[in-house]
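See structure below.
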Amino acid sequence: MALSIKEVLNKLFFRIFRKKKNIRLGLYGPPNGGKTTLANKICKDWLGEEMGVASNVPHETREIQIKEEIRLESNGKELSFNLVDTPGIATKIDYEDFLKFGLKEREAKKRAKEATKGVIDAIKWLDDMDAVIVVLDSTIDPYSQVNITIIGNLQARDIPVLLVGNKVDLKKSNLKKLEAAFPQYKVVGISAKYGNNMKRFYDELFNLVD
Amino acid sequence: MLTLQFIPHTEIEGMDTDRKIRKLLAIAKENKIVLLEGRLKKEEEGELIRKTMEEIDAKFKGIELSVIYPELRHAAILQKLKSKFINMLLGDRTGLTIIGPATIIKEIKKDPDKIQLLTKEISKSRKKRS
């Protein structure tokens, strides 16, 4: 597929930019898409240690987490970046939703307050990203306004994007729908939890920033 | 009872981002559903989410947001150019932006041709809060 002028310029910009400093690679997406699970998988693969705590309770990551100097090697090429795991972006946060996961009221209210701050920080950090991996749960309808807004904002800032359809190990996973929703981006289906298709993910990561 | 408030594009076109968002959020906080003619800029949508988070408290839980926009992907080039030209001249007034308070709107489902607002049982949520 031929590259557009914009893509060529982005790649050129990266080649010059990468020599100056480590790339800041952000993980963005709605809550529970698997951003931290993917961050942990990347860190485990290349640093031998995990990055943060992942759970099925929404808004587990409520602060920006950074892992510096991750070095990837593939086919004789090397890529170095700082990985930034961001809190899930949402348009609403209700502490009552956390009660369903067994949290006590006080705990749930604290979590909700921290989660709102986390969303604000995630949006503020958009301007500081050099490239972004948008992590979406491939079992969920991708046409949500949060997904569209995140991707639209990255597009408006000319930030290179790789779309990850996570949870392909689940029956309901539908990558075709994800590809149809965002045809302008490359979509890689993975299971961050079980490490499925990570080789292709790393190859696409090289393509994104190389 | 649900109250829908229509905001024509002309009402916000002269406003800066901050004022625009404050106006839209103020309506949503009055438990009304905003029907905005056209759409916000992409950065303004991001800013709307950020400001919404700042406003969340015991009463206001956030918003449900949806933008209905005509699909031009398969339109003829002339049609796309015409649409871009009109948007450039008059602002992006194509489509419709729906903003509803999360305490009332559970979910906004979009189909290309129809919108479904799934509402919460207001009486139940009020009872819970009191």
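Order determines the names: the first chain of the structure tokens is A, the second B, and so forth; residues in each chain are numbered 1 upward, and ligands are numbered 1 upward as they are shown.
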- Just the residues within 10 Å of Ile104 in chain B, please, counting only C-alpha atoms, with nothing from its chain fewer than 6 positions along; format it as a list in words.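 Once the adjacent positions are removed, what remains is Leu2, Ala28, Asn31, Lys32, Ile33, Lys61, Ile63, Glu64, Leu117, Leu118, Thr119, Lys120, Glu121, Ile122 and Ser125 of chain B.
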- Task: Taking the chain letters and numbering used in this document, name the residues of range 102-201 of chain A that DSSP puts in strand (DSSP E), as a list of chain:residue names.
- Result: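 Those residues are A:Ala131, A:Val132, A:Ile133, A:Val134, A:Val135, A:Leu136, A:Asp137, A:Val161, A:Leu162, A:Leu163, A:Val164, A:Gly165, A:Asn166, A:Val187, A:Val188, A:Gly189.
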I'd like the contact shell of Lys41 in chain B - 10 Å cut-off, only C-alpha atoms, skipping same-chain residues fewer than 4 positions apart - returned as a compact mmCIF listing (two decimals) with C-alpha atoms, in the first residue's frame.
# COMPACT_ATOMS: atom_id res chain seq x y z
CA THR A 149 -12.61 11.08 20.37
CA GLY A 152 -9.66 11.91 16.50
CA ASN A 153 -7.48 13.81 18.97
CA ALA A 156 -5.57 16.12 14.93
CA THR B 17 -13.64 26.50 23.32
CA GLU B 45 -14.38 16.89 22.23
CA GLY B 46 -11.24 15.94 24.20
CA GLU B 47 -11.53 19.14 26.19
CA GLY B 91 -18.21 25.87 10.51
CA ASP B 92 -18.88 22.18 10.94
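CA of Val134 in chain A lies 15.2 Å from CA of Val168 in chain A.
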- Query: If we count only C-alpha atoms, which residues of chain A reach to within 12 Å of chain B? Please list them as JSON, numbers by chain.
  - Reply: {"A": [89, 90, 91, 92, 93, 94, 95, 96, 97, 109, 110, 112, 113, 114, 115, 116, 117, 118, 119, 120, 121, 122, 123, 124, 125, 126, 127, 141, 142, 143, 144, 145, 146, 147, 148, 149, 150, 151, 152, 153, 154, 155, 156, 157, 180, 181, 182, 183, 184]}
Prev. selection, N, CA and C atoms, output as a CSV table (one decimal), in the first residue's frame:
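See again01.csv below for the written result:
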chain,number,residue,atom,x,y,z
A,89,ILE,N,-9.7,6.3,29.5
A,89,ILE,CA,-10.5,7.6,29.3
A,89,ILE,C,-12.0,7.2,29.2
A,90,ALA,N,-12.7,8.0,30.0
A,90,ALA,CA,-14.2,7.8,30.1
A,90,ALA,C,-14.9,9.1,30.1
A,91,THR,N,-16.2,9.1,29.8
A,91,THR,CA,-16.9,10.4,29.9
A,91,THR,C,-17.7,10.4,31.2
A,92,LYS,N,-17.8,9.3,31.9
A,92,LYS,CA,-18.6,9.3,33.2
A,92,LYS,C,-17.9,8.4,34.2
A,93,ILE,N,-18.0,8.8,35.4
A,93,ILE,CA,-17.4,7.9,36.5
A,93,ILE,C,-18.4,8.0,37.7
A,94,ASP,N,-18.9,6.9,38.0
A,94,ASP,CA,-19.9,6.8,39.1
A,94,ASP,C,-19.3,5.8,40.2
A,95,TYR,N,-19.2,6.3,41.4
A,95,TYR,CA,-18.6,5.4,42.4
A,95,TYR,C,-19.5,4.1,42.6
A,96,GLU,N,-20.8,4.3,42.4
A,96,GLU,CA,-21.7,3.1,42.6
A,96,GLU,C,-21.3,1.9,41.7
A,97,ASP,N,-20.7,2.3,40.5
A,97,ASP,CA,-20.3,1.2,39.6
A,97,ASP,C,-19.2,0.3,40.2
A,109,LYS,N,-15.6,5.6,46.5
A,109,LYS,CA,-15.7,7.1,46.3
A,109,LYS,C,-14.2,7.6,46.0
A,110,LYS,N,-13.3,7.0,46.8
A,110,LYS,CA,-11.9,7.5,46.6
A,110,LYS,C,-11.4,7.1,45.2
A,112,ALA,N,-13.2,6.6,42.6
A,112,ALA,CA,-13.9,7.5,41.6
A,112,ALA,C,-13.2,8.8,41.5
A,113,LYS,N,-12.8,9.4,42.6
A,113,LYS,CA,-12.2,10.7,42.6
A,113,LYS,C,-10.8,10.6,41.9
A,114,GLU,N,-10.1,9.6,42.3
A,114,GLU,CA,-8.7,9.4,41.6
A,114,GLU,C,-8.9,9.1,40.1
A,115,ALA,N,-9.9,8.4,39.8
A,115,ALA,CA,-10.1,8.1,38.4
A,115,ALA,C,-10.4,9.3,37.5
A,116,THR,N,-11.2,10.3,38.1
A,116,THR,CA,-11.5,11.5,37.3
A,116,THR,C,-10.2,12.3,37.1
A,117,LYS,N,-9.3,12.3,38.1
A,117,LYS,CA,-8.0,13.0,37.9
A,117,LYS,C,-7.2,12.2,36.9
A,118,GLY,N,-7.3,10.9,36.9
A,118,GLY,CA,-6.5,10.1,36.0
A,118,GLY,C,-6.9,10.4,34.5
A,119,VAL,N,-8.2,10.6,34.3
A,119,VAL,CA,-8.6,10.9,32.9
A,119,VAL,C,-8.1,12.3,32.5
A,120,ILE,N,-8.2,13.2,33.4
A,120,ILE,CA,-7.7,14.6,33.1
A,120,ILE,C,-6.2,14.5,32.7
A,121,ASP,N,-5.4,13.8,33.5
A,121,ASP,CA,-4.0,13.6,33.3
A,121,ASP,C,-3.7,13.0,31.9
A,122,ALA,N,-4.5,11.9,31.6
A,122,ALA,CA,-4.3,11.2,30.4
A,122,ALA,C,-4.5,12.1,29.2
A,123,ILE,N,-5.5,12.9,29.3
A,123,ILE,CA,-5.8,13.9,28.2
A,123,ILE,C,-4.7,14.9,28.1
A,124,LYS,N,-4.2,15.4,29.2
A,124,LYS,CA,-3.2,16.4,29.2
A,124,LYS,C,-1.9,15.9,28.6
A,125,TRP,N,-1.6,14.6,28.8
A,125,TRP,CA,-0.4,14.0,28.3
A,125,TRP,C,-0.4,13.7,26.8
A,126,LEU,N,-1.6,13.8,26.2
A,126,LEU,CA,-1.7,13.6,24.8
A,126,LEU,C,-0.6,14.4,24.0
A,127,ASP,N,-0.4,15.6,24.4
A,127,ASP,CA,0.5,16.5,23.7
A,127,ASP,C,1.9,16.1,23.8
A,141,ASP,N,-18.2,-3.3,21.1
A,141,ASP,CA,-18.5,-2.4,19.9
A,141,ASP,C,-17.5,-1.3,19.9
A,142,PRO,N,-16.8,-1.2,18.8
A,142,PRO,CA,-15.7,-0.1,18.7
A,142,PRO,C,-16.2,1.3,18.5
A,143,TYR,N,-17.5,1.4,18.1
A,143,TYR,CA,-18.0,2.7,17.7
A,143,TYR,C,-18.4,3.6,18.8
A,144,SER,N,-17.7,3.5,20.0
A,144,SER,CA,-18.1,4.4,21.1
A,144,SER,C,-17.5,5.7,20.9
A,145,GLN,N,-18.1,6.8,21.4
A,145,GLN,CA,-17.6,8.1,21.2
A,145,GLN,C,-16.3,8.4,21.8
A,146,VAL,N,-16.0,7.6,22.9
A,146,VAL,CA,-14.7,7.8,23.6
A,146,VAL,C,-13.6,7.3,22.6
A,147,ASN,N,-13.8,6.1,22.0
A,147,ASN,CA,-12.8,5.7,21.0
A,147,ASN,C,-12.6,6.7,19.9
A,148,ILE,N,-13.7,7.1,19.4
A,148,ILE,CA,-13.7,8.1,18.3
A,148,ILE,C,-13.0,9.4,18.7
A,149,THR,N,-13.2,9.8,19.9
A,149,THR,CA,-12.6,11.1,20.4
A,149,THR,C,-11.1,10.9,20.6
A,150,ILE,N,-10.7,9.8,21.2
A,150,ILE,CA,-9.3,9.5,21.4
A,150,ILE,C,-8.6,9.5,20.1
A,151,ILE,N,-9.1,8.7,19.2
A,151,ILE,CA,-8.4,8.6,17.9
A,151,ILE,C,-8.4,9.9,17.1
A,152,GLY,N,-9.6,10.6,17.2
A,152,GLY,CA,-9.7,11.9,16.5
A,152,GLY,C,-8.6,12.9,17.0
A,153,ASN,N,-8.4,12.9,18.3
A,153,ASN,CA,-7.5,13.8,19.0
A,153,ASN,C,-6.0,13.5,18.6
A,154,LEU,N,-5.8,12.2,18.5
A,154,LEU,CA,-4.4,11.8,18.0
A,154,LEU,C,-4.2,12.2,16.6
A,155,GLN,N,-5.2,12.0,15.8
A,155,GLN,CA,-5.2,12.4,14.4
A,155,GLN,C,-4.9,13.9,14.2
A,156,ALA,N,-5.7,14.7,15.0
A,156,ALA,CA,-5.6,16.1,14.9
A,156,ALA,C,-4.2,16.6,15.3
A,157,ARG,N,-3.5,15.8,16.2
A,157,ARG,CA,-2.1,16.2,16.6
A,157,ARG,C,-1.1,15.5,15.8
A,180,ALA,N,-13.2,-2.1,10.4
A,180,ALA,CA,-14.1,-1.3,9.6
A,180,ALA,C,-14.4,0.0,10.3
A,181,ALA,N,-14.3,0.1,11.6
A,181,ALA,CA,-14.6,1.3,12.3
A,181,ALA,C,-13.4,2.3,12.1
A,182,PHE,N,-12.2,1.9,12.0
A,182,PHE,CA,-11.1,2.8,11.8
A,182,PHE,C,-10.2,2.3,10.7
A,183,PRO,N,-10.7,2.4,9.4
A,183,PRO,CA,-10.0,1.9,8.3
A,183,PRO,C,-8.7,2.6,8.0
A,184,GLN,N,-8.5,3.8,8.5
A,184,GLN,CA,-7.3,4.5,8.2
A,184,GLN,C,-6.1,4.0,9.0
